[in-house]
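**Q** Below is one structure. I have some questions about it.
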Amino acid sequence: MTERGARWLSRGRDFYQLGPSAVHWHADRLTIEVEEWSNPIPRRLRGRVTLHPEQLFSQVEHLDTNGLHRWGPLAPNSRIEVDFSQPGLRWQGRGYLDSNEGDEPIDRPFVDWDWSRSEQSDGSCAVVYDVRQRDGQEILLAKRYSASGQITDFVPPGRQQLGRTGWRIGRQLRSGGASLGSLRTLEDTPFYARSMVQAQSLGEQVPVMHETLVLDRLVSPVVQWMLPWRMPRRS
C-alpha cells in the first residue's frame with residue numbers, strides 16, 4: 001500500500017518487515033500484520049490476515065519463453081482469517097497464496113495476461129495463466145492442485161469475453177459452457193482488474209476469481225503519474 005525504500009526493509013528466514021507492516025511465517029500458518037493509511041483519502045488500516053495452508057508447493061513455472069519471469073503457487077488451497085480493527089472487519093473464508101518474480105521489468109516481455117483460480121468440489125483448485133507476449137507467442141498454463149499435494153495438467157476450454165471494465169480493459173476467461181453467470185468487479189484500475197464470476201471449470205459451475213493485467217497501460221506516462229496518488233512512496 002506504500003512503496004518504501006531499502007531503509008524501511010528487513011527480513012529473515014521466517015519474516016519480512018516493510019515499514020510498520022510485516023509478514024511472519026509460523027510452524028503452520030502465515031500472518032500478515034497491516035499497519036497502513038489509505039490513499040488519497042487518509043484512513044487508518046490496521047489488522048491481521050492469517051493464512052492456514054492445507055498443502056505447501058515448491059513448484060515453479062516460467063511465464064515467458066526466455067525463462068526470466070517465474071510464478072509459484074505456494075499455497076493454492078488455504079483457509080484464511082481476516083481481523084481488522086480499523087476499519088472494523090472480521091471474516092473467515094478460503095484463500096490462495098502465490099509468488100511472482102522476474103529478472104527484468106515486467107512490461108518488457110508481456111502484452112497482457114488473464115489469470116483465474118477456481119475451487120472445485122473435491123477440495124482441489126484449478127489455476128489458469130493465459131499470457132500474451134510481445135513477440136507474438138502465447139503461454140498457457142493450466143494446473144490442478146489437490147489438497148493432498150498432487151499437481152496435474154489439464155486442457156482448458158476456449159476464451160470467453162467477460163466485457164470491458166470501467167477503465168475499458170478487455171477481460172477474457174477460459175471457461176466451458178455456453179454462457180457465464182453473475183460477474184462482480186472487485187478492483188477496477190487503468191491497468192488491472194480483479195473480478196469474481198460464475199463459470200464452468202473442469203466440468204463444474206463454480207465461482208472463479210479472475211484478474212487481467214495490461215502492461216502498456218501500466219507503463220504509460222499518465223498511469224505512472226497517477227500511481228503515487230494511489231500508492232504513496234517513501235525513500
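Identifiers in the C-alpha cells: chain A, B, ... in order shown; residue index from 1 per chain; ligand index from 1 in order shown.
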Using only C-alpha atoms, which residues sit within 7 Å of segment 84-98 of chain A once same-chain residues fewer than 6 positions away are excluded, as an NGL selection string?

**A** :A and (44-48 or 72-78)

**Q** Would you tabulate, counting only C-alpha atoms, all residues of segment 93-163 of chain A that have an atom at most 7 Å from an atom of segment 167-187 of chain A, showing the closest pair of atoms and their distance in Å to one decimal, sorted by chain then ascending number, as a Markdown table?

**A**
```
| residue | atom | partner | partner_atom | distance |
| --- | --- | --- | --- | --- |
| A:Asp114 | CA | A:Gln172 | CA | 6.5 |
| A:Pro156 | CA | A:Arg174 | CA | 6.3 |
| A:Pro157 | CA | A:Arg174 | CA | 5.5 |
| A:Gly158 | CA | A:Arg174 | CA | 5.4 |
| A:Arg159 | CA | A:Arg174 | CA | 4.5 |
| A:Gln160 | CA | A:Leu173 | CA | 5.2 |
| A:Gln161 | CA | A:Gln172 | CA | 4.6 |
| A:Leu162 | CA | A:Arg171 | CA | 5.2 |
| A:Gly163 | CA | A:Arg171 | CA | 6.0 |
```

**Q** Could you write those residues out with C-alpha atoms, as a PDB file, in the first residue's frame?

**A**
```pdb
ATOM      1  CA  ASP A 114      -5.548 -13.220 -17.825  1.00  0.00           C
ATOM      2  CA  PRO A 156      -8.643 -25.521 -20.577  1.00  0.00           C
ATOM      3  CA  PRO A 157     -11.524 -24.544 -22.873  1.00  0.00           C
ATOM      4  CA  GLY A 158     -11.539 -21.567 -25.235  1.00  0.00           C
ATOM      5  CA  ARG A 159     -11.678 -17.923 -24.235  1.00  0.00           C
ATOM      6  CA  GLN A 160     -14.914 -16.174 -23.414  1.00  0.00           C
ATOM      7  CA  GLN A 161     -15.262 -12.405 -23.171  1.00  0.00           C
ATOM      8  CA  LEU A 162     -16.119 -11.015 -19.748  1.00  0.00           C
ATOM      9  CA  GLY A 163     -16.799  -7.499 -21.005  1.00  0.00           C
TER      10      GLY A 163
END
```

**Q** Among segment 85-160 of chain A, which ones does DSSP assign to strand (DSSP E) (computed from the backbone)? Answer as JSON, numbers by chain.

**A** {"A": [85, 86, 89, 90, 91, 92, 93, 94, 95, 96, 97, 98, 99, 100, 101, 102, 110, 111, 112, 113, 114, 115, 116, 117, 118, 119, 125, 126, 127, 128, 129, 130, 131, 132, 133, 138, 139, 140, 141, 142, 143, 144, 145, 151, 152, 153, 159, 160]}

**Q** I'd like the neighbourhood of Val131 of chain A as a list in words, where a residue qualifies if any of its atoms comes within 8 Å (using only C-alpha atoms), though same-chain residues fewer than 4 positions away should be ignored.

**A** Leu63, Phe110, Asp112, Trp113, Asp114, Glu138, Ile139 and Leu140 of chain A

**Q** Output N, CA and C atoms for every residue in the selection just made, as a CSV table (one decimal), in the first residue's frame.

**A**
```
chain,number,residue,atom,x,y,z
A,63,LEU,N,6.8,-18.0,-17.0
A,63,LEU,CA,5.7,-17.3,-17.6
A,63,LEU,C,6.0,-16.8,-19.0
A,110,PHE,N,5.8,-8.9,-21.9
A,110,PHE,CA,4.4,-9.2,-21.9
A,110,PHE,C,3.6,-8.1,-22.5
A,112,ASP,N,-0.1,-8.6,-22.2
A,112,ASP,CA,-1.1,-8.7,-21.1
A,112,ASP,C,-1.3,-10.2,-20.7
A,113,TRP,N,-2.0,-10.4,-19.7
A,113,TRP,CA,-2.4,-11.8,-19.3
A,113,TRP,C,-3.7,-11.8,-18.6
A,114,ASP,N,-4.4,-12.9,-18.6
A,114,ASP,CA,-5.5,-13.2,-17.8
A,114,ASP,C,-5.2,-14.4,-16.9
A,138,GLU,N,2.3,-17.1,-27.3
A,138,GLU,CA,1.5,-17.2,-26.1
A,138,GLU,C,1.9,-18.3,-25.2
A,139,ILE,N,1.7,-18.2,-23.9
A,139,ILE,CA,1.9,-19.3,-23.0
A,139,ILE,C,0.6,-19.5,-22.2
A,140,LEU,N,0.2,-20.8,-22.2
A,140,LEU,CA,-1.0,-21.2,-21.5
A,140,LEU,C,-0.6,-22.2,-20.4
```

**Q** According to DSSP computed on the backbone, where in segment 123-220 of chain A is there helix (DSSP H, G or I)? Give the residues as a VMD selection string.

**A** chain A and resid 215 to 218

**Q** Between A:Trp8, A:Trp71, A:Tyr16, A:Trp229, which has the minimum distance to Pro42 of chain A (counting only C-alpha atoms)?

**A**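 Once distances to Pro42 of chain A are computed over only C-alpha atoms, the minimum belongs to A:Trp229.
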
**Q** Point out the residue among A:Arg233, A:Gln120, A:Gly5, A:Gly136 with the least atom-to-atom distance to Gln205 of chain A, counting only C-alpha atoms.

**A** A:Gln120

**Q** Can you tell me how far atom CA of Asp107 of chain A sits from atom CA of Glu3 of chain A, in Å to one decimal?

**A**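 Pair atom CA of Asp107 of chain A / atom CA of Glu3 of chain A returns 18.8 Å.
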
**Q** Given only C-alpha atoms as the basis, pick out the residue of A:Leu56, A:Ala27, A:Ala6, A:Val206 nearest to Tyr145 of chain A.

**A**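 Checking each of A:Leu56, A:Ala27, A:Ala6, A:Val206 against Tyr145 of chain A, counting only C-alpha atoms, the winner is A:Leu56.
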
**Q** Work out how far apart atom CA of Arg108 of chain A and atom CA of Pro190 of chain A are and give it in Å to one decimal.

**A**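 Separation of atom CA of Arg108 of chain A and atom CA of Pro190 of chain A: 18.6 Å.
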
**Q** With only C-alpha atoms as the basis for distance, which of A:Thr189, A:Pro40, A:Pro105, A:Gln133 is at the shortest distance from Val219 of chain A?

**A**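 Using only C-alpha atoms, the shortest distance to Val219 of chain A belongs to A:Pro105.
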
**Q** Quick one: residues within 8 Å of Pro109 of chain A, only C-alpha atoms, excluding same-chain residues fewer than 3 positions away - as a list in words?

**A**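 After dropping sequence-adjacent residues, the list is Asp64, Ile106, Gln133, Arg134 and Asp135 of chain A.
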
**Q** Could you write out the selected residues, including C-alpha atoms, as a PDB file, in the first residue's frame?

**A**
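Dumped to again-v1.pdb:
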```
ATOM      1  CA  ASP A  64       7.788 -16.254 -20.642  1.00  0.00           C
ATOM      2  CA  ILE A 106       7.508  -6.928 -16.299  1.00  0.00           C
ATOM      3  CA  GLN A 133       3.928 -11.880 -25.199  1.00  0.00           C
ATOM      4  CA  ARG A 134       5.301  -9.020 -27.293  1.00  0.00           C
ATOM      5  CA  ASP A 135       6.969 -11.425 -29.724  1.00  0.00           C
TER       6      ASP A 135
END
```

**Q** Atom CA of Phe57 of chain A and atom CA of His26 of chain A, how far apart in Å?

**A**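 One can read the atom CA of His26 of chain A to atom CA of Phe57 of chain A distance as 16.4 Å.
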
**Q** Counting only C-alpha atoms, which of A:Pro228, A:Pro221, A:Pro207, A:Pro53 gets nearest to Ser148 of chain A?

**A**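 Among the listed residues, the smallest separation from Ser148 of chain A belongs to A:Pro53.
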
**Q** Counting only C-alpha atoms, what is within 6 Å of Trp115 of chain A, bar same-chain residues fewer than 6 positions away, as a count of residues only?

**A** 4
